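Structure first, commentary second.
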Amino acid sequence: MRRDIKVVPFYRMPFGTLLTVTDHRMQNMNPAVEGQAQALEQRFARLFGESPRIYQAPGRVNLIGEHTDYNDGFVMPAAIGFYTRVAVAPRPDRKLVIHSENYSEQVEFDLDGLPATRAGHWSDYVIGVVKMLVRSGKQLRGANLLVDGNVPLGAGLSSSASLEVAVGYALLDLADRAIEPPTLERIKIDRIKIDRIKIDRTGLALLCQQAENEFVGARCGIMDQFVSSHGKHGQALLLDCRSLEYRQLPLPPDVALAICNTMVKHSIAKGEYNQRRAECETGVRTLSKHLPQVRALRDVTVEDLETYGQELPDVVMRRCRHVIGENDRVLQAAAALERGDLQAVGSLMLESHRSLRDDFEVSCAELDLMVELAGRAEGVYGTRMTGGGFGGCTIALVQSGCVEAFERKVREGYERSTGCQPEIYICAAADGVGQVAATSAEKWVRSE
Ligand code: GAF
């Protein structure tokens, strides 16, 4: 089977597509979120003496499709209810003043003299996005930013992507609103269509990926930034990472996403991730000598690998085998989810884990243990490591009624074997980036 399967019907969101009012969700419906946003607003007022706009972008969990995104393949992530929030207000000068609540640190940059290289600091993610926005032609203005996040750090749940997307969205919104001339006509339009923010979510995701690839130095794929931008409540996304077409896959309401944190810190900015990517590229270079149509592992079939795989070093052969098999598993899992066959989804998740452990070699003893413990618990359809690997989290699909027992069993088993307390997050799929709460002035405009 060739890897050019058309997955239809996708939402076509090519680069350049603009959002309309229906796409922009004011995410202040939930009282808890509103409370947190208000606290951030007050903190911002104390720090900077004015009222901000607040935005949030979620972390993500990947159900299946690991290390396929940078091979032009398929992934099935969902955004989750952990967020990075950014409170922003414009400044009269060309400075960006960025305060991080998580790190209790404040840094300042001049928009006309941004650093040329990364500093190995949390602000790299922000500056990377700013640089890509400037490079794409956006006229940014000076701003004060207060950043706060509850996405567990180093857990493989995309805290970095959520920071990039939240900052990118916030600065784009600020720039778009700010550069409009303040004519009477403009004010009228703003009042009628205040939340028709013309932000291209796919373009934003690509720009944030570039920031990470080119400035931060992690050669990540598009998955994390894409789902942080496009996530939808109650849905996973089936994303074709070559065309960037995607389809929403409703998750059954009686199934929880149980995310188990091994507490082993993970970072894709370290060498192993980039090395896996390089191994995949080596596979493509060799295979394309025989198969000129092959641009990425996405284009290679199981039969192709059987025919020409012996020319590859063993390690590269196994990396290729994982990616080719994983792409098939994602498409099969999507079909199974759509017909409500959760047992089949679960079996595919388990196969995915084995392949990541044995062929792609990105698991670790703690992840394997967590998968084993979760797999033994009642009401579990399937479980696997999720994200880049080398630590971080597993995901399990668990019947809602069994969640409490699941948590207890996994926690006890993990503690007994490792002496370390895991964290377990019971999540549902969440919405992507958006504005959280309006300032008092905007609330007034919206109520008109
Ligand atoms: C990390 C990367 F950022 C993603 O792009 C993806 O490659 C993932 O690891 C592995 O599937 O989260």
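Residues in the structure tokens are named by chain (A, B, ... in the order shown) and by number from 1 within that chain; ligands are numbered from 1 in the order shown.
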
Close residues, stretch 218-223 of chain A itself excluded, 10 Å, only C-alpha atoms, min 2 positions apart in chain, as a compact mmCIF listing (two decimals) with N, CA and C atoms, in the first residue's frame:
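The file below, part_33.txt, is the result:
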```txt
# COMPACT_ATOMS: atom_id res chain seq x y z
N ARG A 60 -0.79 19.22 24.82
CA ARG A 60 -1.46 18.17 24.05
C ARG A 60 -1.03 16.78 24.53
N ASN A 62 -0.79 12.86 22.61
CA ASN A 62 -0.94 12.21 21.31
C ASN A 62 -1.48 10.80 21.52
N GLY A 65 0.59 7.77 16.66
CA GLY A 65 1.28 8.45 15.56
C GLY A 65 2.48 9.19 16.11
N GLU A 66 3.48 8.42 16.57
CA GLU A 66 4.63 9.05 17.21
C GLU A 66 5.84 9.03 16.28
N HIS A 67 6.52 10.17 16.23
CA HIS A 67 7.70 10.36 15.36
C HIS A 67 7.33 10.16 13.89
N THR A 68 6.09 10.43 13.57
CA THR A 68 5.64 10.37 12.17
C THR A 68 5.52 11.77 11.58
N ASP A 69 5.36 12.79 12.44
CA ASP A 69 5.06 14.12 11.89
C ASP A 69 6.21 14.65 11.03
N TYR A 70 7.47 14.48 11.47
CA TYR A 70 8.58 15.00 10.66
C TYR A 70 8.95 14.04 9.54
N ASN A 71 8.16 12.97 9.39
CA ASN A 71 8.32 12.09 8.23
C ASN A 71 7.14 12.26 7.27
N ASP A 72 6.49 13.41 7.35
CA ASP A 72 5.33 13.74 6.50
C ASP A 72 4.16 12.80 6.71
N PHE A 74 1.18 10.72 9.54
CA PHE A 74 -0.11 10.98 10.19
C PHE A 74 0.03 10.95 11.71
N VAL A 75 -0.76 11.78 12.38
CA VAL A 75 -0.75 11.81 13.84
C VAL A 75 -2.19 11.96 14.34
N MET A 76 -2.40 11.62 15.61
CA MET A 76 -3.75 11.76 16.18
C MET A 76 -3.70 12.38 17.58
N PRO A 77 -3.35 13.65 17.68
CA PRO A 77 -3.28 14.29 18.99
C PRO A 77 -4.61 14.91 19.43
N ALA A 78 -4.69 15.25 20.70
CA ALA A 78 -5.81 16.05 21.23
C ALA A 78 -5.21 17.11 22.14
N SER A 158 3.96 19.07 25.72
CA SER A 158 4.06 20.25 24.85
C SER A 158 3.90 21.58 25.55
N ALA A 161 5.35 24.14 23.02
CA ALA A 161 4.46 24.52 21.91
C ALA A 161 3.35 25.43 22.43
N THR A 202 -3.18 27.77 11.09
CA THR A 202 -2.18 26.87 10.50
C THR A 202 -0.88 27.64 10.28
N ALA A 205 0.84 27.97 13.57
CA ALA A 205 1.49 26.72 13.99
C ALA A 205 2.82 26.55 13.24
N LEU A 206 2.82 26.83 11.95
CA LEU A 206 4.05 26.66 11.15
C LEU A 206 5.14 27.62 11.62
N LEU A 207 4.69 28.82 11.92
CA LEU A 207 5.65 29.83 12.37
C LEU A 207 6.28 29.45 13.72
N CYS A 208 5.45 28.87 14.60
CA CYS A 208 5.97 28.46 15.91
C CYS A 208 6.92 27.26 15.74
N GLN A 209 6.58 26.38 14.81
CA GLN A 209 7.49 25.25 14.54
C GLN A 209 8.84 25.76 14.03
N GLN A 210 8.77 26.75 13.14
CA GLN A 210 10.03 27.34 12.62
C GLN A 210 10.84 27.93 13.75
N ALA A 211 10.15 28.59 14.69
CA ALA A 211 10.86 29.19 15.83
C ALA A 211 11.63 28.11 16.58
N GLU A 212 10.98 26.98 16.76
CA GLU A 212 11.62 25.90 17.52
C GLU A 212 12.76 25.26 16.70
N ASN A 213 12.50 25.07 15.40
CA ASN A 213 13.52 24.45 14.53
C ASN A 213 14.73 25.35 14.38
N GLU A 214 14.46 26.61 14.08
CA GLU A 214 15.55 27.49 13.66
C GLU A 214 16.18 28.28 14.81
N PHE A 215 15.40 28.59 15.83
CA PHE A 215 15.99 29.41 16.91
C PHE A 215 16.32 28.57 18.14
N VAL A 216 15.34 27.75 18.56
CA VAL A 216 15.57 26.96 19.79
C VAL A 216 16.51 25.79 19.50
N GLN A 225 2.39 22.13 17.76
CA GLN A 225 1.94 23.50 17.51
C GLN A 225 0.59 23.48 16.78
N PHE A 226 0.41 22.47 15.92
CA PHE A 226 -0.84 22.41 15.16
C PHE A 226 -2.03 22.15 16.08
N VAL A 227 -1.88 21.18 16.97
CA VAL A 227 -3.05 20.85 17.81
C VAL A 227 -3.26 21.90 18.88
N SER A 228 -2.19 22.57 19.31
CA SER A 228 -2.36 23.66 20.26
C SER A 228 -3.13 24.81 19.60
N SER A 229 -2.97 24.95 18.29
CA SER A 229 -3.69 26.00 17.55
C SER A 229 -5.11 25.56 17.19
N LEU A 237 -7.63 15.07 16.72
CA LEU A 237 -7.46 15.46 15.32
C LEU A 237 -6.69 14.37 14.59
N LEU A 239 -4.38 14.28 11.69
CA LEU A 239 -3.68 15.29 10.88
C LEU A 239 -2.74 14.63 9.90
N ASP A 240 -2.83 15.07 8.67
CA ASP A 240 -1.87 14.67 7.63
C ASP A 240 -0.76 15.71 7.66
N CYS A 241 0.40 15.32 8.14
CA CYS A 241 1.47 16.32 8.36
C CYS A 241 2.14 16.76 7.06
N ARG A 242 1.77 16.15 5.94
CA ARG A 242 2.31 16.65 4.66
C ARG A 242 1.40 17.75 4.12
N LEU A 244 -1.22 19.07 5.70
CA LEU A 244 -1.80 19.80 6.82
C LEU A 244 -3.33 19.82 6.76
N SER A 267 13.15 16.07 27.24
CA SER A 267 13.33 17.31 26.48
C SER A 267 13.72 16.97 25.06
N ILE A 268 12.99 17.55 24.09
CA ILE A 268 13.34 17.23 22.71
C ILE A 268 14.48 18.12 22.22
N ALA A 269 14.87 19.10 23.05
CA ALA A 269 16.00 19.94 22.64
C ALA A 269 17.32 19.17 22.81
N LYS A 270 17.24 18.00 23.47
CA LYS A 270 18.47 17.21 23.63
C LYS A 270 18.72 16.41 22.35
N GLY A 271 19.92 15.84 22.22
CA GLY A 271 20.37 15.26 20.97
C GLY A 271 19.61 14.07 20.42
N TYR A 273 16.51 13.19 20.06
CA TYR A 273 15.38 13.45 19.16
C TYR A 273 15.89 13.80 17.76
N ASN A 274 16.81 14.75 17.70
CA ASN A 274 17.35 15.15 16.40
C ASN A 274 18.06 13.98 15.72
N GLN A 275 18.66 13.13 16.54
CA GLN A 275 19.35 11.96 15.97
C GLN A 275 18.35 11.01 15.30
N ARG A 277 15.59 11.80 13.98
CA ARG A 277 15.16 12.46 12.75
C ARG A 277 16.21 12.27 11.65
N ALA A 278 17.47 12.41 12.03
CA ALA A 278 18.56 12.23 11.06
C ALA A 278 18.57 10.79 10.54
N GLY A 387 4.22 11.25 23.01
CA GLY A 387 5.19 12.33 22.84
C GLY A 387 6.55 11.80 22.39
N GLY A 388 7.55 12.64 22.54
CA GLY A 388 8.89 12.33 22.01
C GLY A 388 9.56 11.13 22.65
```

Which stretch 345-438 of chain A residues have any atom within 8 Å of an atom of stretch 149-157 of chain A, and for each, what is the nearest pair of atoms with distance in Å to one decimal, counting only C-alpha atoms, rows sorted by chain and number, as a tab-separated table?
```
residue	atom	partner	partner_atom	distance
A:Thr386	CA	A:Gly156	CA	7.4
A:Gly387	CA	A:Gly156	CA	5.4
A:Gly388	CA	A:Gly156	CA	6.5
A:Gly389	CA	A:Gly156	CA	7.3
A:Gly391	CA	A:Ala155	CA	7.3
A:Gly392	CA	A:Ala155	CA	4.1
A:Cys393	CA	A:Ala155	CA	6.0
```

With only C-alpha atoms and all ligand atoms as the basis for distance, which of A:Gly73, A:Pro253, A:Gly375, A:Gly49 is at the shortest distance from ligand 1?
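Nearest candidate to ligand 1 out of A:Gly73, A:Pro253, A:Gly375, A:Gly49: A:Gly73.
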
Among the residues A:Val398, A:Ala57, A:Cys427, A:Met385, the one that comes closest to ligand 1 [using only C-alpha atoms and all ligand atoms]:
A:Met385

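Among the candidates A:Ala37, A:Ala405, A:Met370, A:Ala175, the residue lying nearest to A:Tyr83 is A:Ala37 (atoms considered: only C-alpha atoms).
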